Amino acid sequence: MQILPLLLLAISPIQIDGLLGDWADGVTLQEDAQFVYKRIDLPSELCLQQLPEQKVVQIGEYEIYFSPDGKGYGVSCKKGSKWISPYEAGVVFAPTTAATSFELRANKATGTYPFSFEKQGDLRVVSWNVQFGALLKDKARGGRILKALQPDVLLIQELDGEDTCSELESFLHDTLGGSWLVETNNSIGEKRSERLKSAIATSADSMACFTVGKTPLKAIGARISFSNKPINFISLHLRCCGGPTSDAEKQRGSEATDIRKTIDSMQSSRFVIAGDWNLVGTTAPLLTVTKNDFAVVQAYQPDGRVHATWSDETSSFTPGRLDLMLYSPLSLEVARSFVLDTSDLDSDTLIAQELLGEDTALLSDHLPLVADFRVLK
């Protein structure tokens, strides 16, 4: 009977972020009162949801099928002889990009948590993919979420092609008060997916926008000052879908190169770059933009254990970290960060913030990514 590995978690809880530093050497299975955890190692670098052949993993009372036979992608789940949704089993793993080692979690029990929305530092940045413009279609729900978050800068992805800056400005004024400045990239193409736009909005006094890359890249940049220091913000949305060798991955690489060229041309020491990176193939696009200049904001859901920013219970894919925020660590410091999942919040927190537990899930398949920054120099 393996007693020691199970006790280790009480000392150092497992965070499902793909970093694996919280696993003791030689330990591949752990559990606590709520979850069962398993480490998975592959002989070569692959995506678990796009394997060349099915891989079955037993964890707790579940059998997890990665890239199941007959489908060849995604995740399926079995409890005993019954097929169930991976979401019902609470299946989460990381990383979702190609790797040789992964960490997997499944439910033993579910829980909710008290949570503070208190802002720290000089400014709060919220990055959020609002799924086909849902923010302006379900204004009551979107308004509740933004009131709780109180952003100073809002980096939005997936505004619908027909959504206008003035419409978003009016919504933010009605929801949060004050005056808001808004800019988006140009919408092009005939298909709805081609016409989606990224946006930057701020309650600051002024905003100077700049072009990021070239169309059809869905990205927009703006210079906004806080503490009398100009900060360059970029809201981006890279091409979705596709594995490590797909055309979509090649396009993400090209888009990342365009973004990096824009950054290099500006010769600035202060950047916050965030959005939907769609890292379902490799981390190469992120590395292209980051180089040695930027750090990644490490943000977790209110349970403090999961950094996934996307989920869709109707999908074959399990929750993953598709949204990331970069910053300039020599001039900016993260005072606080989190990923908001309202289903994690206890009833007292929901009542205090005038939220519903289902708010984030019903508004978008992406969760708001939040970071509070201090301006250092």
# chains A, B, ... in the order shown; residues from 1 in each chain; ligands from 1

call {"tool": "closest_atom_pairs", "arguments": {"of": "region 234-276 of chain A", "to": "region 286-299 of chain A", "cutoff": "8 Å", "atoms": "only C-alpha atoms", "output": "tab-separated table"}}
result
residue	atom	partner	partner_atom	distance
A:Gly253	CA	A:Thr288	CA	7.7
A:Ala256	CA	A:Val289	CA	5.9
A:Thr257	CA	A:Thr288	CA	6.4
A:Ile259	CA	A:Val289	CA	6.8
A:Arg260	CA	A:Val289	CA	5.1

call {"tool": "residues_around", "arguments": {"residues": "region 266-274 of chain A", "least_positions_apart": "4", "cutoff": "7 Å", "atoms": "only C-alpha atoms", "output": "ChimeraX atom specification"}}
result
/A:127,231-236,262,324-328,331

call {"tool": "atom_distance", "arguments": {"atom1": "CA of Ser254 (chain A)", "atom2": "CA of Gly242 (chain A)"}}
result
14.5 Å

call {"tool": "residues_around", "arguments": {"residues": "region 50-67 of chain A", "least_positions_apart": "4", "cutoff": "10 Å", "atoms": "only C-alpha atoms", "output": "VMD selection string"}}
result
chain A and resid 29 to 31 35 to 38 40 46 71 to 84 86 89 91 96 to 98 104 to 108 242 to 244 280 to 281 316 to 317

call {"tool": "residues_around", "arguments": {"residues": "Phe93 (chain A)", "least_positions_apart": "6", "cutoff": "9 Å", "atoms": "only C-alpha atoms", "output": "ChimeraX atom specification"}}
result
/A:16-18,102-106,306,308,318-320

call {"tool": "closest_residue", "arguments": {"among": "A:Ser179, A:Gln120, A:Asn129, A:Asn228", "to": "Arg374 (chain A)", "atoms": "only C-alpha atoms"}}
result
A:Gln120

call {"tool": "closest_residue", "arguments": {"among": "A:Asp247, A:Glu162, A:Asp69, A:Asp205", "to": "Trp180 (chain A)", "atoms": "only C-alpha atoms"}}
result
A:Asp205

call {"tool": "closest_residue", "arguments": {"among": "A:Cys209, A:Ile156, A:Leu279, A:Val370", "to": "Ala248 (chain A)", "atoms": "only C-alpha atoms"}}
result
A:Leu279

call {"tool": "select_by_dssp", "arguments": {"residues": "region 86-175 of chain A", "states": "alpha helix (DSSP H)", "output": "list of chain:residue names"}}
result
A:Ala134, A:Leu135, A:Leu136, A:Lys137, A:Lys139, A:Ala140, A:Arg141, A:Gly142, A:Gly143, A:Arg144, A:Ile145, A:Leu146, A:Lys147, A:Ala148, A:Leu149, A:Cys165, A:Ser166, A:Glu167, A:Leu168, A:Glu169, A:Ser170, A:Phe171, A:Leu172, A:His173, A:Asp174, A:Thr175

call {"tool": "write_last_selection", "arguments": {"atoms": "C-alpha atoms", "output": "mmCIF file, in the first residue's frame"}}
result
data_model
loop_
_atom_site.group_PDB
_atom_site.id
_atom_site.type_symbol
_atom_site.label_atom_id
_atom_site.label_comp_id
_atom_site.auth_asym_id
_atom_site.auth_seq_id
_atom_site.Cartn_x
_atom_site.Cartn_y
_atom_site.Cartn_z
ATOM 1 C CA ALA A 134 -21.554 37.448 -26.271
ATOM 2 C CA LEU A 135 -20.487 40.329 -24.016
ATOM 3 C CA LEU A 136 -22.707 42.701 -26.007
ATOM 4 C CA LYS A 137 -25.462 40.146 -26.579
ATOM 5 C CA LYS A 139 -25.244 42.543 -21.365
ATOM 6 C CA ALA A 140 -26.805 41.715 -18.007
ATOM 7 C CA ARG A 141 -24.540 38.719 -17.438
ATOM 8 C CA GLY A 142 -21.470 40.404 -18.887
ATOM 9 C CA GLY A 143 -22.168 43.473 -16.799
ATOM 10 C CA ARG A 144 -22.327 41.456 -13.574
ATOM 11 C CA ILE A 145 -18.936 39.905 -14.284
ATOM 12 C CA LEU A 146 -17.253 43.198 -15.200
ATOM 13 C CA LYS A 147 -18.702 44.960 -12.132
ATOM 14 C CA ALA A 148 -17.091 42.309 -9.953
ATOM 15 C CA LEU A 149 -13.755 42.583 -11.780
ATOM 16 C CA CYS A 165 -16.480 50.722 -30.702
ATOM 17 C CA SER A 166 -19.299 53.097 -29.784
ATOM 18 C CA GLU A 167 -21.538 50.203 -28.731
ATOM 19 C CA LEU A 168 -18.818 48.812 -26.466
ATOM 20 C CA GLU A 169 -18.063 52.290 -25.083
ATOM 21 C CA SER A 170 -21.728 52.800 -24.184
ATOM 22 C CA PHE A 171 -21.982 49.379 -22.552
ATOM 23 C CA LEU A 172 -18.879 49.966 -20.419
ATOM 24 C CA HIS A 173 -20.110 53.449 -19.422
ATOM 25 C CA ASP A 174 -23.517 52.074 -18.409
ATOM 26 C CA THR A 175 -21.944 49.124 -16.574
#

call {"tool": "atom_distance", "arguments": {"atom1": "CA of Thr110 (chain A)", "atom2": "CA of Leu350 (chain A)"}}
result
16.9 Å

call {"tool": "residues_around", "arguments": {"residues": "Gly357 (chain A)", "least_positions_apart": "4", "cutoff": "7 Å", "atoms": "only C-alpha atoms", "output": "list in words"}}
result
Thr342, Ser343, Leu345 and Leu350 of chain A

call {"tool": "closest_residue", "arguments": {"among": "A:Gln131, A:Thr282, A:Pro216, A:Asp346", "to": "Asp312 (chain A)", "atoms": "only C-alpha atoms"}}
result
A:Gln131

call {"tool": "select_by_dssp", "arguments": {"residues": "region 162-235 of chain A", "states": "strand (DSSP E or B)", "output": "ChimeraX atom specification"}}
result
/A:181-184,197-202,208-210,218-226,229-235

call {"tool": "atom_distance", "arguments": {"atom1": "CA of Gly304 (chain A)", "atom2": "CA of Leu123 (chain A)"}}
result
22.1 Å

call {"tool": "residues_around", "arguments": {"residues": "Val212 (chain A)", "least_positions_apart": "3", "cutoff": "9 Å", "atoms": "only C-alpha atoms", "output": "ChimeraX atom specification"}}
result
/A:185,215,217-221,234,236,258-259,261-263

call {"tool": "closest_residue", "arguments": {"among": "A:Ser203, A:Asn278, A:Thr283, A:Gln251", "to": "Ala99 (chain A)", "atoms": "only C-alpha atoms"}}
result
A:Thr283

call {"tool": "closest_residue", "arguments": {"among": "A:Lys377, A:His237, A:Arg195, A:Arg39", "to": "Asp163 (chain A)", "atoms": "only C-alpha atoms"}}
result
A:Arg195
